[in-house]
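Undergrad: Dropping the structure in here first, questions after.
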Amino acid sequence: RAKHSGRNRYVMYEASMSKQVRQQLDMETSLRQAVALEALELHFQPKVDCASGKYLGAEALLRWPQPDGRYIAPAEFIPLAERTGLIIPIGDLVLEASCKMLRQCLDSGLQPCSIAVNISLKQFRGRSAALEQSISTALSRWHVPPQLLSLEITESALMENPAEAAASLNNIRATGITIAIDDFGTGFSNMMQLSQLPIDILKIDTSFTHSLGDNTPGNQVIRSVIELAHRLKLKTVAEGVETEQQWQILKDMGCDHLQGYLFSRPLKDEDFIQWLQEHGAQD
Ligand code: C2E
Ligand code: MG
Ligand code: MG
Ligand code: MG
């Protein structure tokens, strides 16, 4: 190995860098096209009431369909969208498609309860008036009451500048939209600041849910998080619930809502509607 160090390794490094840069540029170009052609899909993952297992609402999750029929996951293109500013038109499309789905459910007598939309820091930082405008445009175009819409913002995004986040969210929340703090437990929240944020729901991250088991230390952490949330008058949602055992433990802990493959994977439009029909989510 040592023989190949020095110049050779440097050249290889440089070649692979430019390949990576080229791939990034190609991906940016295709993402731009996908946005222009409205080719991104929005899937919906049902959320249920923890105590009863009854349907409560859904989270909207982006998917980027490829010519071979597969999807690129959001973790692979959201960061690119954020870097290039494409997250702004993409975010507007997500709001639009979510309100359209809410309207479709309302019209067909299916109970949509609510749809939660993920919002990036880039979408509200320094442009909260524009975000408010996008939200109210989508709601009024589809005649959807704001109470049916929820926004999910990650703990890390909120904590970058809690004061600024609080100011933008206060206006949005005043309209009746609910705010959830997403991926809770993956950042390092200042609990004082957390208690002062205008939020309604705390989403316990998948990694916590997966740590649940027989008397694991994870159990104690989650139990405390749920208690803390309830003291702060927040509802709790556990993400990534995959087993009956996780459901049972979360039920014993008094968690409010659940989301995960145990109940359903994220579903495309027509499959989501069918799921709602099969699960008796009627008005
Ligand atoms: P998130 O908001 O925390 O979404 C939950 C993620 O957990 C989703 O991944 C979902 O498919 C996955 N999940 C649901 N149930 C289970 C389960 O039982 N087990 C496991 N292992 N995973 C489960 P997904 O769809 O790949 O999305 C990843 C992240 O991308 C989201 O995390 C969100 O931060 C971001 N994202 C997705 N759609 C949007 C969007 O429209 N706008 C923005 N800004 N971000 C988005
Ligand atoms: Mg989310
Ligand atoms: Mg999450
Ligand atoms: Mg996440």
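Lettering and numbering for the structure tokens are positional, with chains as A, B, ... in the shown order, residues counted from 1 in each chain, and ligands counted from 1 in the shown order.
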Per residue of chain A within 9 Å of ligand 4, record the nearest atom pair and its distance in Å to one decimal, counting only C-alpha atoms and all ligand atoms, with rows in chain order and ascending residue number, as a tab-separated table.
TA:
residue	atom	partner	partner_atom_place_in_ligand_line	distance
A:Ala75	CA	ligand 4	1 (Mg)	8.5
A:Thr154	CA	ligand 4	1 (Mg)	7.5
A:Asp182	CA	ligand 4	1 (Mg)	6.9
A:Asp183	CA	ligand 4	1 (Mg)	5.4
A:Asp205	CA	ligand 4	1 (Mg)	7.1
A:Thr206	CA	ligand 4	1 (Mg)	7.8
A:Glu239	CA	ligand 4	1 (Mg)	8.9
Undergrad: Export, as a PDB file, in the first residue's frame, the selected residues with C-alpha atoms.
TA:
ATOM      1  CA  ALA A  75     -32.518  11.632   2.719  1.00  0.00           C
ATOM      2  CA  THR A 154     -36.831  18.944  13.284  1.00  0.00           C
ATOM      3  CA  ASP A 182     -39.656  16.171  14.672  1.00  0.00           C
ATOM      4  CA  ASP A 183     -36.865  13.671  15.418  1.00  0.00           C
ATOM      5  CA  ASP A 205     -37.375   9.689  16.971  1.00  0.00           C
ATOM      6  CA  THR A 206     -37.292   6.235  15.397  1.00  0.00           C
ATOM      7  CA  GLU A 239     -42.168   7.211  15.045  1.00  0.00           C
TER       8      GLU A 239
END
Undergrad: Please list as a VMD selection string every residue within 8 Å of Ile201 (chain A), counting only C-alpha atoms and excluding residues in the same chain fewer than 5 positions away.
TA: chain A and resid 178 to 181 234 to 237
Undergrad: Write to file, as a PDB file, in the first residue's frame, the residues of the selection just made, with N, CA and C atoms.
TA:
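Once everything was written out, this is result-v2.pdb:
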ATOM      1  N   THR A 178     -51.243  23.150  13.590  1.00  0.00           N
ATOM      2  CA  THR A 178     -50.471  22.633  14.721  1.00  0.00           C
ATOM      3  C   THR A 178     -49.014  22.434  14.317  1.00  0.00           C
ATOM      4  N   ILE A 179     -48.139  22.540  15.301  1.00  0.00           N
ATOM      5  CA  ILE A 179     -46.696  22.443  15.048  1.00  0.00           C
ATOM      6  C   ILE A 179     -46.125  21.265  15.833  1.00  0.00           C
ATOM      7  N   ALA A 180     -45.354  20.442  15.125  1.00  0.00           N
ATOM      8  CA  ALA A 180     -44.705  19.303  15.782  1.00  0.00           C
ATOM      9  C   ALA A 180     -43.192  19.457  15.719  1.00  0.00           C
ATOM     10  N   ILE A 181     -42.529  19.066  16.795  1.00  0.00           N
ATOM     11  CA  ILE A 181     -41.073  19.020  16.789  1.00  0.00           C
ATOM     12  C   ILE A 181     -40.692  17.585  16.415  1.00  0.00           C
ATOM     13  N   LEU A 234     -47.925  18.908  25.740  1.00  0.00           N
ATOM     14  CA  LEU A 234     -47.679  18.480  24.366  1.00  0.00           C
ATOM     15  C   LEU A 234     -48.178  17.048  24.182  1.00  0.00           C
ATOM     16  N   LYS A 235     -48.675  16.758  22.976  1.00  0.00           N
ATOM     17  CA  LYS A 235     -49.005  15.370  22.624  1.00  0.00           C
ATOM     18  C   LYS A 235     -47.717  14.697  22.155  1.00  0.00           C
ATOM     19  N   THR A 236     -47.644  13.382  22.342  1.00  0.00           N
ATOM     20  CA  THR A 236     -46.456  12.662  21.898  1.00  0.00           C
ATOM     21  C   THR A 236     -46.812  11.691  20.766  1.00  0.00           C
ATOM     22  N   VAL A 237     -45.932  11.637  19.778  1.00  0.00           N
ATOM     23  CA  VAL A 237     -46.057  10.668  18.683  1.00  0.00           C
ATOM     24  C   VAL A 237     -44.774   9.856  18.660  1.00  0.00           C
TER      25      VAL A 237
END
Undergrad: Name all residues at most 9 Å from Leu148 (chain A) (count only C-alpha atoms; drop same-chain ones fewer than 6 positions away) and give them as a PyMOL selection string.
TA: chain A and resi 57+99+102+112-116+176-178
Undergrad: If I take CA of Tyr261 (chain A) and CA of Cys105 (chain A), how far is one from the other in Å, to one decimal?
TA: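 Separation between CA of Tyr261 (chain A) and CA of Cys105 (chain A): 22.2 Å.
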Undergrad: Could you pull out the residues sitting within 8 Å of ligand 1, using only C-alpha atoms and all ligand atoms, and write them as a PyMOL selection string?
TA: chain A and resi 42+45+59-63+73-75+78+87+90-91+94+117-121+123+152+154+182-183+205-206+239-242+259-262+264-266
Undergrad: Could you write those residues out with N, CA and C atoms, as an mmCIF file, in the first residue's frame?
TA:
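Result file is selection_35.cif:
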data_model
loop_
_atom_site.group_PDB
_atom_site.id
_atom_site.type_symbol
_atom_site.label_atom_id
_atom_site.label_comp_id
_atom_site.auth_asym_id
_atom_site.auth_seq_id
_atom_site.Cartn_x
_atom_site.Cartn_y
_atom_site.Cartn_z
ATOM 1 N N LEU A 42 -45.815 12.558 -3.656
ATOM 2 C CA LEU A 42 -45.998 12.695 -2.222
ATOM 3 C C LEU A 42 -46.735 11.459 -1.735
ATOM 4 N N GLN A 45 -48.213 8.465 5.092
ATOM 5 C CA GLN A 45 -48.128 7.376 6.074
ATOM 6 C C GLN A 45 -49.124 7.631 7.206
ATOM 7 N N GLU A 59 -48.716 11.507 7.711
ATOM 8 C CA GLU A 59 -47.582 12.375 7.412
ATOM 9 C C GLU A 59 -47.294 12.286 5.920
ATOM 10 N N ALA A 60 -47.069 13.428 5.296
ATOM 11 C CA ALA A 60 -46.735 13.482 3.872
ATOM 12 C C ALA A 60 -45.222 13.324 3.714
ATOM 13 N N LEU A 61 -44.801 12.376 2.877
ATOM 14 C CA LEU A 61 -43.373 12.111 2.694
ATOM 15 C C LEU A 61 -43.034 12.089 1.203
ATOM 16 N N LEU A 62 -42.028 12.844 0.829
ATOM 17 C CA LEU A 62 -41.649 12.966 -0.579
ATOM 18 C C LEU A 62 -40.951 11.721 -1.109
ATOM 19 N N ARG A 63 -41.198 11.416 -2.376
ATOM 20 C CA ARG A 63 -40.503 10.345 -3.084
ATOM 21 C C ARG A 63 -40.152 10.847 -4.484
ATOM 22 N N ALA A 73 -34.871 8.106 -2.045
ATOM 23 C CA ALA A 73 -35.407 8.501 -0.737
ATOM 24 C C ALA A 73 -35.071 9.964 -0.437
ATOM 25 N N PRO A 74 -35.926 10.607 0.353
ATOM 26 C CA PRO A 74 -35.697 12.027 0.659
ATOM 27 C C PRO A 74 -34.328 12.319 1.290
ATOM 28 N N ALA A 75 -33.823 11.385 2.089
ATOM 29 C CA ALA A 75 -32.518 11.632 2.719
ATOM 30 C C ALA A 75 -31.443 11.881 1.664
ATOM 31 N N ILE A 78 -33.166 15.671 -0.308
ATOM 32 C CA ILE A 78 -33.562 16.873 0.447
ATOM 33 C C ILE A 78 -32.335 17.763 0.740
ATOM 34 N N ILE A 87 -35.605 23.558 -2.515
ATOM 35 C CA ILE A 87 -36.528 23.190 -1.447
ATOM 36 C C ILE A 87 -37.714 24.178 -1.374
ATOM 37 N N ILE A 90 -40.155 23.029 -4.057
ATOM 38 C CA ILE A 90 -40.551 21.681 -3.633
ATOM 39 C C ILE A 90 -41.486 21.775 -2.418
ATOM 40 N N GLY A 91 -41.126 22.625 -1.472
ATOM 41 C CA GLY A 91 -41.960 22.805 -0.275
ATOM 42 C C GLY A 91 -43.358 23.286 -0.636
ATOM 43 N N VAL A 94 -45.355 20.404 -1.980
ATOM 44 C CA VAL A 94 -45.765 19.500 -0.903
ATOM 45 C C VAL A 94 -47.006 20.054 -0.189
ATOM 46 N N VAL A 117 -46.929 17.983 7.354
ATOM 47 C CA VAL A 117 -45.982 18.268 6.283
ATOM 48 C C VAL A 117 -44.626 18.606 6.916
ATOM 49 N N ASN A 118 -43.556 18.040 6.385
ATOM 50 C CA ASN A 118 -42.216 18.363 6.889
ATOM 51 C C ASN A 118 -41.732 19.687 6.322
ATOM 52 N N ILE A 119 -41.173 20.528 7.159
ATOM 53 C CA ILE A 119 -40.683 21.831 6.740
ATOM 54 C C ILE A 119 -39.198 21.938 7.088
ATOM 55 N N SER A 120 -38.389 22.320 6.086
ATOM 56 C CA SER A 120 -36.951 22.522 6.315
ATOM 57 C C SER A 120 -36.695 23.903 6.895
ATOM 58 N N LEU A 121 -35.601 23.999 7.606
ATOM 59 C CA LEU A 121 -35.159 25.292 8.141
ATOM 60 C C LEU A 121 -35.104 26.348 7.024
ATOM 61 N N GLN A 123 -36.893 26.730 4.566
ATOM 62 C CA GLN A 123 -38.193 27.222 4.136
ATOM 63 C C GLN A 123 -38.738 28.333 5.016
ATOM 64 N N GLU A 152 -44.205 19.770 10.581
ATOM 65 C CA GLU A 152 -43.176 19.080 11.363
ATOM 66 C C GLU A 152 -41.830 19.729 11.092
ATOM 67 N N THR A 154 -37.734 19.745 12.457
ATOM 68 C CA THR A 154 -36.831 18.944 13.284
ATOM 69 C C THR A 154 -36.314 19.754 14.466
ATOM 70 N N ASP A 182 -39.954 17.464 15.296
ATOM 71 C CA ASP A 182 -39.656 16.171 14.672
ATOM 72 C C ASP A 182 -38.303 15.647 15.145
ATOM 73 N N ASP A 183 -38.139 14.331 15.081
ATOM 74 C CA ASP A 183 -36.865 13.671 15.418
ATOM 75 C C ASP A 183 -36.392 14.058 16.815
ATOM 76 N N ASP A 205 -38.086 10.224 18.127
ATOM 77 C CA ASP A 205 -37.375 9.689 16.971
ATOM 78 C C ASP A 205 -37.367 8.164 16.917
ATOM 79 N N THR A 206 -37.359 7.673 15.684
ATOM 80 C CA THR A 206 -37.292 6.235 15.397
ATOM 81 C C THR A 206 -36.217 5.510 16.213
ATOM 82 N N GLU A 239 -42.409 7.558 16.446
ATOM 83 C CA GLU A 239 -42.168 7.211 15.045
ATOM 84 C C GLU A 239 -41.508 5.846 14.958
ATOM 85 N N GLY A 240 -41.669 5.189 13.833
ATOM 86 C CA GLY A 240 -40.921 3.965 13.551
ATOM 87 C C GLY A 240 -41.363 2.761 14.356
ATOM 88 N N VAL A 241 -42.666 2.707 14.724
ATOM 89 C CA VAL A 241 -43.168 1.548 15.476
ATOM 90 C C VAL A 241 -43.303 0.350 14.522
ATOM 91 N N GLU A 242 -42.573 -0.709 14.824
ATOM 92 C CA GLU A 242 -42.544 -1.875 13.926
ATOM 93 C C GLU A 242 -43.067 -3.151 14.557
ATOM 94 N N GLN A 259 -46.847 5.918 14.751
ATOM 95 C CA GLN A 259 -46.653 5.897 13.306
ATOM 96 C C GLN A 259 -45.575 4.854 13.050
ATOM 97 N N GLY A 260 -45.752 4.023 12.047
ATOM 98 C CA GLY A 260 -44.712 3.034 11.752
ATOM 99 C C GLY A 260 -45.213 1.919 10.867
ATOM 100 N N TYR A 261 -44.265 1.091 10.413
ATOM 101 C CA TYR A 261 -44.580 0.014 9.476
ATOM 102 C C TYR A 261 -45.575 -0.975 10.063
ATOM 103 N N LEU A 262 -45.650 -1.078 11.409
ATOM 104 C CA LEU A 262 -46.620 -1.983 12.029
ATOM 105 C C LEU A 262 -48.037 -1.650 11.555
ATOM 106 N N SER A 264 -48.740 0.912 8.860
ATOM 107 C CA SER A 264 -48.657 1.033 7.398
ATOM 108 C C SER A 264 -47.351 1.704 6.991
ATOM 109 N N ARG A 265 -46.866 1.330 5.810
ATOM 110 C CA ARG A 265 -45.758 2.058 5.192
ATOM 111 C C ARG A 265 -46.338 3.334 4.579
ATOM 112 N N PRO A 266 -45.495 4.277 4.192
ATOM 113 C CA PRO A 266 -46.018 5.419 3.442
ATOM 114 C C PRO A 266 -46.636 4.908 2.133
#
Undergrad: If you run DSSP on the backbone, which residues of region 165-254 of chain A are alpha helix (DSSP H), as a PyMOL selection string?
TA: chain A and resi 165-174+191-196+206-210+217-231+244-252
Undergrad: Generate a file of the selected residues that holds C-alpha atoms, formatted as a PDB file, in the first residue's frame.
TA:
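In the end it all went to out.pdb:
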ATOM      1  CA  ALA A 165     -38.207  29.999  15.094  1.00  0.00           C
ATOM      2  CA  ALA A 166     -40.640  30.901  17.882  1.00  0.00           C
ATOM      3  CA  ALA A 167     -41.475  34.210  16.228  1.00  0.00           C
ATOM      4  CA  SER A 168     -42.261  32.650  12.827  1.00  0.00           C
ATOM      5  CA  LEU A 169     -44.152  29.740  14.292  1.00  0.00           C
ATOM      6  CA  ASN A 170     -46.311  31.924  16.526  1.00  0.00           C
ATOM      7  CA  ASN A 171     -47.992  33.528  13.504  1.00  0.00           C
ATOM      8  CA  ILE A 172     -48.537  30.226  11.754  1.00  0.00           C
ATOM      9  CA  ARG A 173     -49.872  28.571  14.890  1.00  0.00           C
ATOM     10  CA  ALA A 174     -52.265  31.470  15.515  1.00  0.00           C
ATOM     11  CA  MET A 191     -35.193  22.136  27.922  1.00  0.00           C
ATOM     12  CA  MET A 192     -35.940  25.722  28.977  1.00  0.00           C
ATOM     13  CA  GLN A 193     -35.979  26.818  25.354  1.00  0.00           C
ATOM     14  CA  LEU A 194     -38.022  23.810  24.357  1.00  0.00           C
ATOM     15  CA  SER A 195     -40.681  24.707  26.899  1.00  0.00           C
ATOM     16  CA  GLN A 196     -40.928  28.190  25.422  1.00  0.00           C
ATOM     17  CA  THR A 206     -37.292   6.235  15.397  1.00  0.00           C
ATOM     18  CA  SER A 207     -33.957   5.462  17.063  1.00  0.00           C
ATOM     19  CA  PHE A 208     -35.635   5.768  20.478  1.00  0.00           C
ATOM     20  CA  THR A 209     -38.588   3.620  19.477  1.00  0.00           C
ATOM     21  CA  HIS A 210     -36.205   0.918  18.283  1.00  0.00           C
ATOM     22  CA  PRO A 217     -32.384   1.973  29.666  1.00  0.00           C
ATOM     23  CA  GLY A 218     -34.133   3.282  26.516  1.00  0.00           C
ATOM     24  CA  ASN A 219     -37.473   2.552  28.170  1.00  0.00           C
ATOM     25  CA  GLN A 220     -36.683   4.904  31.061  1.00  0.00           C
ATOM     26  CA  VAL A 221     -35.591   7.671  28.684  1.00  0.00           C
ATOM     27  CA  ILE A 222     -38.755   7.455  26.620  1.00  0.00           C
ATOM     28  CA  ARG A 223     -40.976   7.253  29.673  1.00  0.00           C
ATOM     29  CA  SER A 224     -39.370  10.475  30.951  1.00  0.00           C
ATOM     30  CA  VAL A 225     -39.722  12.199  27.580  1.00  0.00           C
ATOM     31  CA  ILE A 226     -43.431  11.338  27.450  1.00  0.00           C
ATOM     32  CA  GLU A 227     -43.950  12.611  31.000  1.00  0.00           C
ATOM     33  CA  LEU A 228     -42.037  15.806  30.277  1.00  0.00           C
ATOM     34  CA  ALA A 229     -44.060  16.380  27.102  1.00  0.00           C
ATOM     35  CA  HIS A 230     -47.339  15.888  28.955  1.00  0.00           C
ATOM     36  CA  ARG A 231     -46.291  18.342  31.672  1.00  0.00           C
ATOM     37  CA  GLU A 244     -46.501  -5.306  18.766  1.00  0.00           C
ATOM     38  CA  GLN A 245     -44.127  -5.204  21.743  1.00  0.00           C
ATOM     39  CA  GLN A 246     -43.126  -1.605  20.998  1.00  0.00           C
ATOM     40  CA  TRP A 247     -46.818  -0.704  20.715  1.00  0.00           C
ATOM     41  CA  GLN A 248     -47.615  -2.378  24.057  1.00  0.00           C
ATOM     42  CA  ILE A 249     -44.766  -0.628  25.890  1.00  0.00           C
ATOM     43  CA  LEU A 250     -45.693   2.757  24.417  1.00  0.00           C
ATOM     44  CA  LYS A 251     -49.325   2.176  25.380  1.00  0.00           C
ATOM     45  CA  ASP A 252     -48.280   1.441  28.974  1.00  0.00           C
TER      46      ASP A 252
END
Undergrad: Near Lys122 (chain A), counting only C-alpha atoms, which residues have an atom at most 8 Å away, once you skip same-chain residues fewer than 6 positions from it, shown as a list in words?
TA: Glu82, Gly85, Ile87 and Ile88 of chain A
Undergrad: For ligand 3, which residue out of A:Ser211, A:Ser156, A:Asn161, A:Ser189 is the nearest one, using only C-alpha atoms and all ligand atoms?
TA: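 Among the listed residues, A:Ser156 lies closest to ligand 3.
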Undergrad: Which one is closest to ligand 2: A:Ile72, A:Cys50, A:Ala81, A:Ile153? Count only C-alpha atoms and all ligand atoms.
TA: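 So, comparing all the options, the nearest one is A:Ile153.
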Undergrad: Quick one, how far is CA of Glu132 (chain A) from CA of Pro162 (chain A)?
TA: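 Computed distance, CA of Glu132 (chain A) to CA of Pro162 (chain A), equals 18.2 Å.
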Undergrad: Closest to ligand 2 among A:Leu151, A:Ile199, A:Leu86, A:Leu25, using only C-alpha atoms and all ligand atoms?
TA: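 Going through A:Leu151, A:Ile199, A:Leu86, A:Leu25 one by one, the smallest distance to ligand 2 is for A:Leu151.
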Undergrad: With distances taken over only C-alpha atoms and all ligand atoms, which residue among A:Ala58, A:Pro67, A:Leu139, A:Arg103 lies nearest ligand 2?
TA: A:Ala58
Undergrad: If you measure from CA of Glu160 (chain A) to CA of Asn190 (chain A), what distance in Å do you get, rounded to one decimal?
TA: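 Computing the Euclidean distance for CA of Glu160 (chain A) and CA of Asn190 (chain A) yields 11.1 Å.
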Undergrad: Near Ala138 (chain A), within 9 Å and counting only C-alpha atoms, which residues show up once chain neighbours fewer than 5 positions away are dropped, as a PDB file with C-alpha atoms, in the first residue's frame?
TA:
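The new file out_10.pdb reads:
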ATOM      1  CA  ASP A  92     -44.731  24.673  -2.073  1.00  0.00           C
ATOM      2  CA  LEU A  95     -48.160  21.985   0.725  1.00  0.00           C
ATOM      3  CA  GLU A  96     -50.258  22.060  -2.434  1.00  0.00           C
ATOM      4  CA  ALA A  97     -50.446  18.248  -2.769  1.00  0.00           C
ATOM      5  CA  SER A  98     -51.228  17.816   0.940  1.00  0.00           C
ATOM      6  CA  CYS A  99     -54.122  20.284   0.820  1.00  0.00           C
ATOM      7  CA  LYS A 100     -55.359  18.632  -2.367  1.00  0.00           C
ATOM      8  CA  GLN A 133     -48.238  33.042   2.158  1.00  0.00           C
ATOM      9  CA  HIS A 143     -60.870  25.192   0.883  1.00  0.00           C
ATOM     10  CA  VAL A 144     -59.195  23.314   3.709  1.00  0.00           C
TER      11      VAL A 144
END
Undergrad: Give the strand (DSSP E) residues of region 118-217 of chain A, as assigned by DSSP on the backbone, as a VMD selection string.
TA: chain A and resid 118 149 to 154 178 to 184 201 to 204
Undergrad: Output C-alpha atoms of each residue in that selection to a file, as an mmCIF file, in the first residue's frame.
TA:
data_model
loop_
_atom_site.group_PDB
_atom_site.id
_atom_site.type_symbol
_atom_site.label_atom_id
_atom_site.label_comp_id
_atom_site.auth_asym_id
_atom_site.auth_seq_id
_atom_site.Cartn_x
_atom_site.Cartn_y
_atom_site.Cartn_z
ATOM 1 C CA ASN A 118 -42.216 18.363 6.889
ATOM 2 C CA LEU A 149 -52.743 20.942 8.586
ATOM 3 C CA SER A 150 -49.747 20.283 10.788
ATOM 4 C CA LEU A 151 -46.104 21.251 10.259
ATOM 5 C CA GLU A 152 -43.176 19.080 11.363
ATOM 6 C CA ILE A 153 -39.882 20.812 12.024
ATOM 7 C CA THR A 154 -36.831 18.944 13.284
ATOM 8 C CA THR A 178 -50.471 22.633 14.721
ATOM 9 C CA ILE A 179 -46.696 22.443 15.048
ATOM 10 C CA ALA A 180 -44.705 19.303 15.782
ATOM 11 C CA ILE A 181 -41.073 19.020 16.789
ATOM 12 C CA ASP A 182 -39.656 16.171 14.672
ATOM 13 C CA ASP A 183 -36.865 13.671 15.418
ATOM 14 C CA PHE A 184 -36.940 14.651 19.077
ATOM 15 C CA ILE A 201 -46.663 17.817 19.387
ATOM 16 C CA LEU A 202 -43.394 16.094 20.180
ATOM 17 C CA LYS A 203 -42.321 13.290 17.821
ATOM 18 C CA ILE A 204 -40.063 10.736 19.449
#
